[in-house]
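Coordinates from start.csv are shown below (CSV, C-alpha atoms).
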```
chain,number,residue,atom,x,y,z
O,239,MET,CA,91.9,110.2,83.0
O,240,THR,CA,89.0,112.6,82.6
O,241,ALA,CA,85.7,113.1,84.4
O,242,GLU,CA,83.8,111.6,81.5
O,243,GLU,CA,85.7,108.4,81.9
O,244,LEU,CA,85.2,108.3,85.7
O,245,ILE,CA,81.4,108.8,85.9
O,246,ASN,CA,79.8,106.2,88.2
O,247,HIS,CA,76.6,105.2,86.2
O,248,MET,CA,75.4,103.1,89.2
O,249,ILE,CA,74.5,106.2,91.3
O,250,PRO,CA,71.3,107.9,90.1
O,251,PRO,CA,70.4,111.5,91.1
O,252,LEU,CA,67.5,112.3,93.4
O,253,LYS,CA,64.6,114.6,92.2
O,254,VAL,CA,63.2,117.5,94.2
O,255,THR,CA,59.9,115.5,94.4
O,256,ASP,CA,61.6,112.6,96.2
O,257,ASP,CA,61.2,112.4,99.9
O,258,ALA,CA,63.9,112.3,102.6
O,259,HIS,CA,63.2,108.6,103.3
O,260,LYS,CA,64.1,107.7,99.7
O,261,ALA,CA,67.3,109.7,100.0
O,262,VAL,CA,68.4,107.9,103.2
O,263,VAL,CA,67.6,104.5,101.7
O,264,TRP,CA,69.7,105.4,98.5
O,265,MET,CA,72.6,106.7,100.6
O,266,GLU,CA,72.7,103.5,102.5
O,267,GLU,CA,72.3,101.4,99.3
O,268,PHE,CA,75.1,103.2,97.4
O,269,ARG,CA,77.2,103.8,100.5
O,270,CYS,CA,77.4,107.6,99.9
O,271,ASN,CA,77.4,110.3,102.5
O,272,HIS,CA,75.9,112.7,99.9
O,273,LEU,CA,73.7,112.4,96.9
O,274,PRO,CA,72.9,114.9,94.1
O,275,VAL,CA,69.5,116.5,93.8
O,276,VAL,CA,68.5,117.4,90.2
O,277,ASP,CA,65.6,119.4,88.8
O,278,SER,CA,64.9,119.4,85.0
O,279,GLY,CA,68.5,118.4,84.4
O,280,HIS,CA,70.0,121.1,86.6
O,281,LEU,CA,72.0,120.3,89.7
O,282,LEU,CA,70.5,122.0,92.8
O,283,GLY,CA,73.0,120.7,95.3
O,284,PHE,CA,73.7,117.7,97.5
O,285,ILE,CA,71.6,116.2,100.3
O,286,SER,CA,73.2,114.3,103.3
O,287,GLU,CA,71.9,112.2,106.0
O,288,ASP,CA,72.9,114.8,108.6
O,289,ILE,CA,70.8,117.4,106.9
O,290,ILE,CA,67.8,115.1,106.9
O,291,LEU,CA,68.3,114.1,110.6
O,292,GLU,CA,68.4,117.7,111.6
O,293,SER,CA,65.0,118.3,110.1
O,294,ASN,CA,63.5,115.3,112.0
O,295,ASP,CA,61.0,114.8,109.1
O,296,ILE,CA,61.6,111.7,107.0
O,297,GLU,CA,58.6,112.3,104.8
O,298,ARG,CA,59.6,115.8,103.8
O,299,ASN,CA,60.3,116.5,100.1
O,300,LEU,CA,63.8,117.3,99.1
O,301,ALA,CA,62.6,120.6,97.6
O,302,ASP,CA,62.1,121.8,101.1
O,303,PHE,CA,65.7,121.2,102.3
O,304,ASP,CA,68.6,123.5,102.2
O,305,LEU,CA,71.0,121.6,100.0
O,306,VAL,CA,74.8,122.0,100.1
O,307,ALA,CA,77.7,122.5,97.6
O,308,PRO,CA,75.8,123.3,94.4
O,309,GLN,CA,79.2,124.4,93.1
O,310,CYS,CA,80.8,121.0,93.6
O,311,THR,CA,80.9,120.3,89.9
O,312,VAL,CA,83.4,119.6,87.1
O,313,PRO,CA,83.1,119.6,83.3
O,314,LEU,CA,83.3,116.4,81.3
O,315,ALA,CA,86.9,117.1,80.3
O,316,ALA,CA,88.2,117.7,83.8
O,317,HIS,CA,91.4,115.8,84.8
O,318,PHE,CA,91.1,113.7,87.9
O,319,TYR,CA,93.5,115.9,89.8
O,320,ASP,CA,91.0,118.8,89.3
O,321,ILE,CA,88.2,116.5,90.5
O,322,LEU,CA,90.1,115.8,93.7
O,323,LYS,CA,90.7,119.5,94.2
O,324,VAL,CA,87.0,120.3,93.8
O,325,ALA,CA,86.0,117.5,96.2
O,326,GLY,CA,88.6,118.7,98.7
O,327,ASP,CA,87.5,122.3,98.5
O,328,ASN,CA,83.9,121.3,99.1
O,329,LYS,CA,84.7,118.7,101.7
O,330,LEU,CA,82.6,116.1,99.9
O,331,GLN,CA,83.4,112.6,98.7
O,332,ILE,CA,81.3,113.0,95.6
O,333,VAL,CA,81.5,115.4,92.6
O,334,ALA,CA,78.8,116.1,90.0
O,335,VAL,CA,79.8,116.2,86.3
O,336,LEU,CA,78.1,118.8,84.0
O,337,ASN,CA,78.2,119.0,80.2
O,338,ASP,CA,78.9,122.1,78.1
O,339,ASP,CA,75.3,123.3,78.7
O,340,ASN,CA,75.6,122.9,82.5
O,341,GLN,CA,73.3,120.0,82.4
O,342,TYR,CA,73.8,117.2,84.9
O,343,VAL,CA,75.5,114.1,83.5
O,344,GLY,CA,76.5,112.0,86.5
O,345,VAL,CA,78.7,111.8,89.6
O,346,ILE,CA,82.2,110.7,90.5
O,347,THR,CA,83.0,109.4,94.0
O,348,LEU,CA,86.3,109.7,95.7
O,349,GLN,CA,86.4,105.9,95.8
O,350,ASP,CA,86.1,105.8,92.0
O,351,ILE,CA,89.1,108.1,91.7
O,352,LEU,CA,91.3,106.2,94.2
O,353,ALA,CA,90.4,102.9,92.4
O,354,THR,CA,91.5,104.3,89.1
O,355,PHE,CA,94.6,105.9,90.5
O,356,ALA,CA,95.5,102.6,92.1
O,357,GLN,CA,95.6,101.0,88.7
O,358,SER,CA,97.9,103.7,87.2
O,359,ALA,CA,101.4,102.9,86.2
O,360,SER,CA,102.9,105.2,88.9
O,361,VAL,CA,101.2,103.1,91.6
O,362,GLN,CA,101.5,99.6,90.0
O,363,MET,CA,105.2,99.9,89.1
O,364,PRO,CA,107.5,98.5,91.9
O,365,GLY,CA,109.4,101.0,93.9
O,366,ALA,CA,109.5,103.0,97.1
O,367,ILE,CA,108.3,106.3,98.4
O,368,ILE,CA,110.3,109.2,99.9
O,369,VAL,CA,108.7,112.2,101.6
O,370,LEU,CA,110.8,115.4,101.8
O,371,SER,CA,110.1,118.6,103.8
O,372,MET,CA,111.5,121.9,102.5
O,373,ASP,CA,110.9,125.6,102.1
O,374,LEU,CA,108.8,126.4,99.0
O,375,VAL,CA,111.4,128.7,97.7
O,376,ASP,CA,114.0,125.8,97.7
O,377,TYR,CA,111.7,123.5,95.6
O,378,SER,CA,113.3,122.3,92.4
O,379,LEU,CA,112.1,119.0,90.9
O,380,ALA,CA,114.8,119.2,88.2
O,381,GLU,CA,117.5,119.3,90.9
O,382,ILE,CA,116.0,116.5,93.0
O,383,SER,CA,115.5,114.4,89.8
O,384,ARG,CA,119.2,114.8,89.0
O,385,TYR,CA,120.3,113.5,92.4
O,386,VAL,CA,117.9,110.5,92.1
O,387,GLU,CA,119.1,109.7,88.6
O,388,GLU,CA,122.7,109.9,89.7
O,389,ASN,CA,121.8,106.8,91.7
O,390,ASN,CA,120.5,105.0,88.6
O,391,ALA,CA,116.9,105.5,89.6
O,392,LYS,CA,114.0,107.6,88.3
O,393,ILE,CA,111.1,109.5,89.8
O,394,ILE,CA,107.8,107.8,88.6
O,395,SER,CA,105.6,110.5,90.1
O,396,SER,CA,105.6,113.4,92.6
O,397,THR,CA,103.0,115.1,94.7
O,398,MET,CA,103.5,118.4,96.5
O,399,VAL,CA,101.3,119.7,99.4
O,400,GLU,CA,101.5,122.7,101.7
O,401,ASP,CA,102.7,121.9,105.2
O,402,PRO,CA,99.6,122.7,107.4
O,403,MET,CA,102.0,123.4,110.3
O,404,ASP,CA,104.1,125.9,108.4
O,405,LYS,CA,102.7,127.8,105.4
O,406,GLY,CA,106.2,128.5,104.1
O,407,LYS,CA,107.1,124.8,103.8
O,408,ILE,CA,105.9,122.0,101.6
O,409,LYS,CA,105.9,118.2,101.7
O,410,LEU,CA,107.1,116.6,98.5
O,411,THR,CA,106.2,112.9,98.0
O,412,LEU,CA,108.2,111.0,95.5
O,413,LYS,CA,107.6,107.6,94.0
O,414,ILE,CA,110.9,106.0,93.0
O,415,ASN,CA,111.3,103.0,90.7
O,416,GLN,CA,113.6,101.2,93.1
O,417,VAL,CA,112.8,99.4,96.4
O,418,ASP,CA,116.3,100.0,97.9
O,419,ILE,CA,116.5,103.7,98.4
O,420,LYS,CA,119.3,104.0,101.0
O,421,ARG,CA,121.8,105.5,98.5
O,422,ILE,CA,119.2,108.0,97.2
O,423,VAL,CA,118.2,109.1,100.7
O,424,ALA,CA,121.9,109.5,101.6
O,425,THR,CA,122.5,111.6,98.5
O,426,LEU,CA,119.5,113.9,99.2
O,427,GLU,CA,120.5,114.3,102.8
O,428,ARG,CA,124.1,115.1,101.7
O,429,PHE,CA,122.7,118.0,99.8
O,430,ASN,CA,120.6,119.2,102.8
O,431,TYR,CA,117.3,117.8,101.8
O,432,ARG,CA,115.3,116.8,104.8
O,433,VAL,CA,113.8,113.3,104.4
O,434,ILE,CA,110.9,113.0,106.9
O,435,ALA,CA,109.5,109.6,105.8
O,436,ARG,CA,110.2,106.6,103.5
O,437,TYR,CA,108.1,103.6,102.6
O,438,LYS,CA,109.1,100.4,100.9
O,439,GLU,CA,106.6,98.4,98.9
O,440,THR,CA,106.0,94.9,100.1
O,441,LYS,CA,107.0,91.9,97.9
O,442,HIS,CA,103.5,90.4,98.2
O,443,GLU,CA,101.7,92.8,95.9
O,444,ASP,CA,98.6,90.7,95.8
O,445,HIS,CA,97.7,91.7,99.3
O,446,GLU,CA,95.0,94.3,98.7
O,447,LYS,CA,95.2,95.9,102.2
O,448,GLU,CA,98.9,96.5,101.9
O,449,LYS,CA,98.4,98.1,98.5
O,450,ILE,CA,95.6,100.4,99.8
O,451,ASP,CA,97.7,101.4,102.8
O,452,LEU,CA,100.6,102.3,100.6
O,453,LEU,CA,98.3,104.3,98.3
O,454,LEU,CA,96.8,106.3,101.2
O,455,ARG,CA,100.3,107.1,102.5
O,456,TYR,CA,101.3,108.2,99.0
O,457,LEU,CA,98.3,110.5,98.8
O,458,GLU,CA,98.5,111.6,102.4
O,459,ILE,CA,94.8,111.1,103.0
```
Would you mind giving the structure from this file in structure tokens?
Amino acid sequence: MTAEELINHMIPPLKVTDDAHKAVVWMEEFRCNHLPVVDSGHLLGFISEDIILESNDIERNLADFDLVAPQCTVPLAAHFYDILKVAGDNKLQIVAVLNDDNQYVGVITLQDILATFAQSASVQMPGAIIVLSMDLVDYSLAEISRYVEENNAKIISSTMVEDPMDKGKIKLTLKINQVDIKRIVATLERFNYRVIARYKETKHEDHEKEKIDLLLRYLEI
């Protein structure tokens, strides 16, 4: 899924001639913490309610504010993993999309990405989740996959993040296409892999809250 396919056409950009009151109203209406400010097709940055409140002037034009994160952008062809990285690097829940001429095209929200990811095959397919902790130098997805497949299962998807408590370690999250993972866990532990968490999908997949909770655990958000 690319940025061009994820653009939220319901969220319009603000102009430098708009006032802070309009920005606050729009942020409430579109349920966004930040909104883009554009001048002649160029993104100048993002405005937030906190920035406006600090100024204590609701009638002030947006041109007079110090905007944030003008670099929080992706090209039209960006993959949604890259979009998530840009959002995370800038600590925003919204990312601007630019065309080849660096002209503003639209925005993508973190909610848009999560909603799309929730519909992907790796999330929708039944299964369970295993989280491993290991030294980065010991990471081998090929080896781990072999142990999983020896138990007649497959890894549907994997996500690796650096352990914030130990820079030399990683957390590897695996989605397995089986609900019963006892044998898989036993095999991994037998080969000295440390399993720090496991999650089984519920049988009632129509419960939206349970699906969202599982997704958030999977993404470790």
At most 7 Å is the cut-off: for each residue in segment 258-285 of chain O with any atom that close to an atom of segment 242-253 of chain O, write down the nearest atom pair and the distance in Å rounded to one decimal, counting all atoms listed in the file, chain first then increasing number, as a Markdown table.
```
| residue | atom | partner | partner_atom | distance |
| --- | --- | --- | --- | --- |
| O:Phe268 | CA | O:Ile249 | CA | 6.8 |
| O:Leu273 | CA | O:Pro251 | CA | 6.7 |
| O:Pro274 | CA | O:Pro251 | CA | 5.2 |
| O:Val275 | CA | O:Leu252 | CA | 4.7 |
| O:Val276 | CA | O:Lys253 | CA | 5.2 |
| O:Asp277 | CA | O:Lys253 | CA | 6.0 |
```
Exercise. Would you please work out which residue, of O:Leu370, O:Ile382, O:Cys270, O:Ile422, is nearest to Val399 of chain O when using only C-alpha atoms?
Key: O:Leu370
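Comparing O:His280, O:Arg384, O:His272, O:Arg298 by their smallest distance to Lys329 of chain O, the closest is O:His272 (using only C-alpha atoms).
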Quiz item: Which protein, DNA or RNA residues are at most 9 Å from (80.0, 109.7, 98.7) in the file's coordinates when you count all atoms listed in the file, listed as a PyMOL selection string?
Solution: chain O and resi 265+268-273+330-333+346-349
Quiz prompt | Pick from O:Val254, O:Phe318, O:Ser278, O:Thr240, whichever lies nearest to Leu352 of chain O using all atoms listed in the file | solution =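 Closest residue, counting all atoms listed in the file: O:Phe318.
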Quiz prompt | atom CA of Val369 of chain O to atom CA of Val433 of chain O, distance in Å rounded to a single decimal | solution = 5.9 Å
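Nearest to Leu282 of chain O of all the residues O:Ile296, O:Ala325, O:Ala261, O:Val306 is O:Val306, based on all atoms listed in the file.
Closest approach to Ser383 of chain O from the set O:Met398, O:Ile367, O:Leu412, O:Met239 is made by O:Leu412, with distances taken over all atoms listed in the file.
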Quiz item: What does the distance from atom CA of Asp320 of chain O to atom CA of Ile393 of chain O come to in Å, to one decimal?
Solution: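 According to the coordinates, atom CA of Asp320 of chain O and atom CA of Ile393 of chain O are separated by 22.2 Å.
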Self-check item: Two-atom distance - atom CA of Leu281 of chain O, atom CA of Tyr342 of chain O (Å)
Solution: 6.0 Å
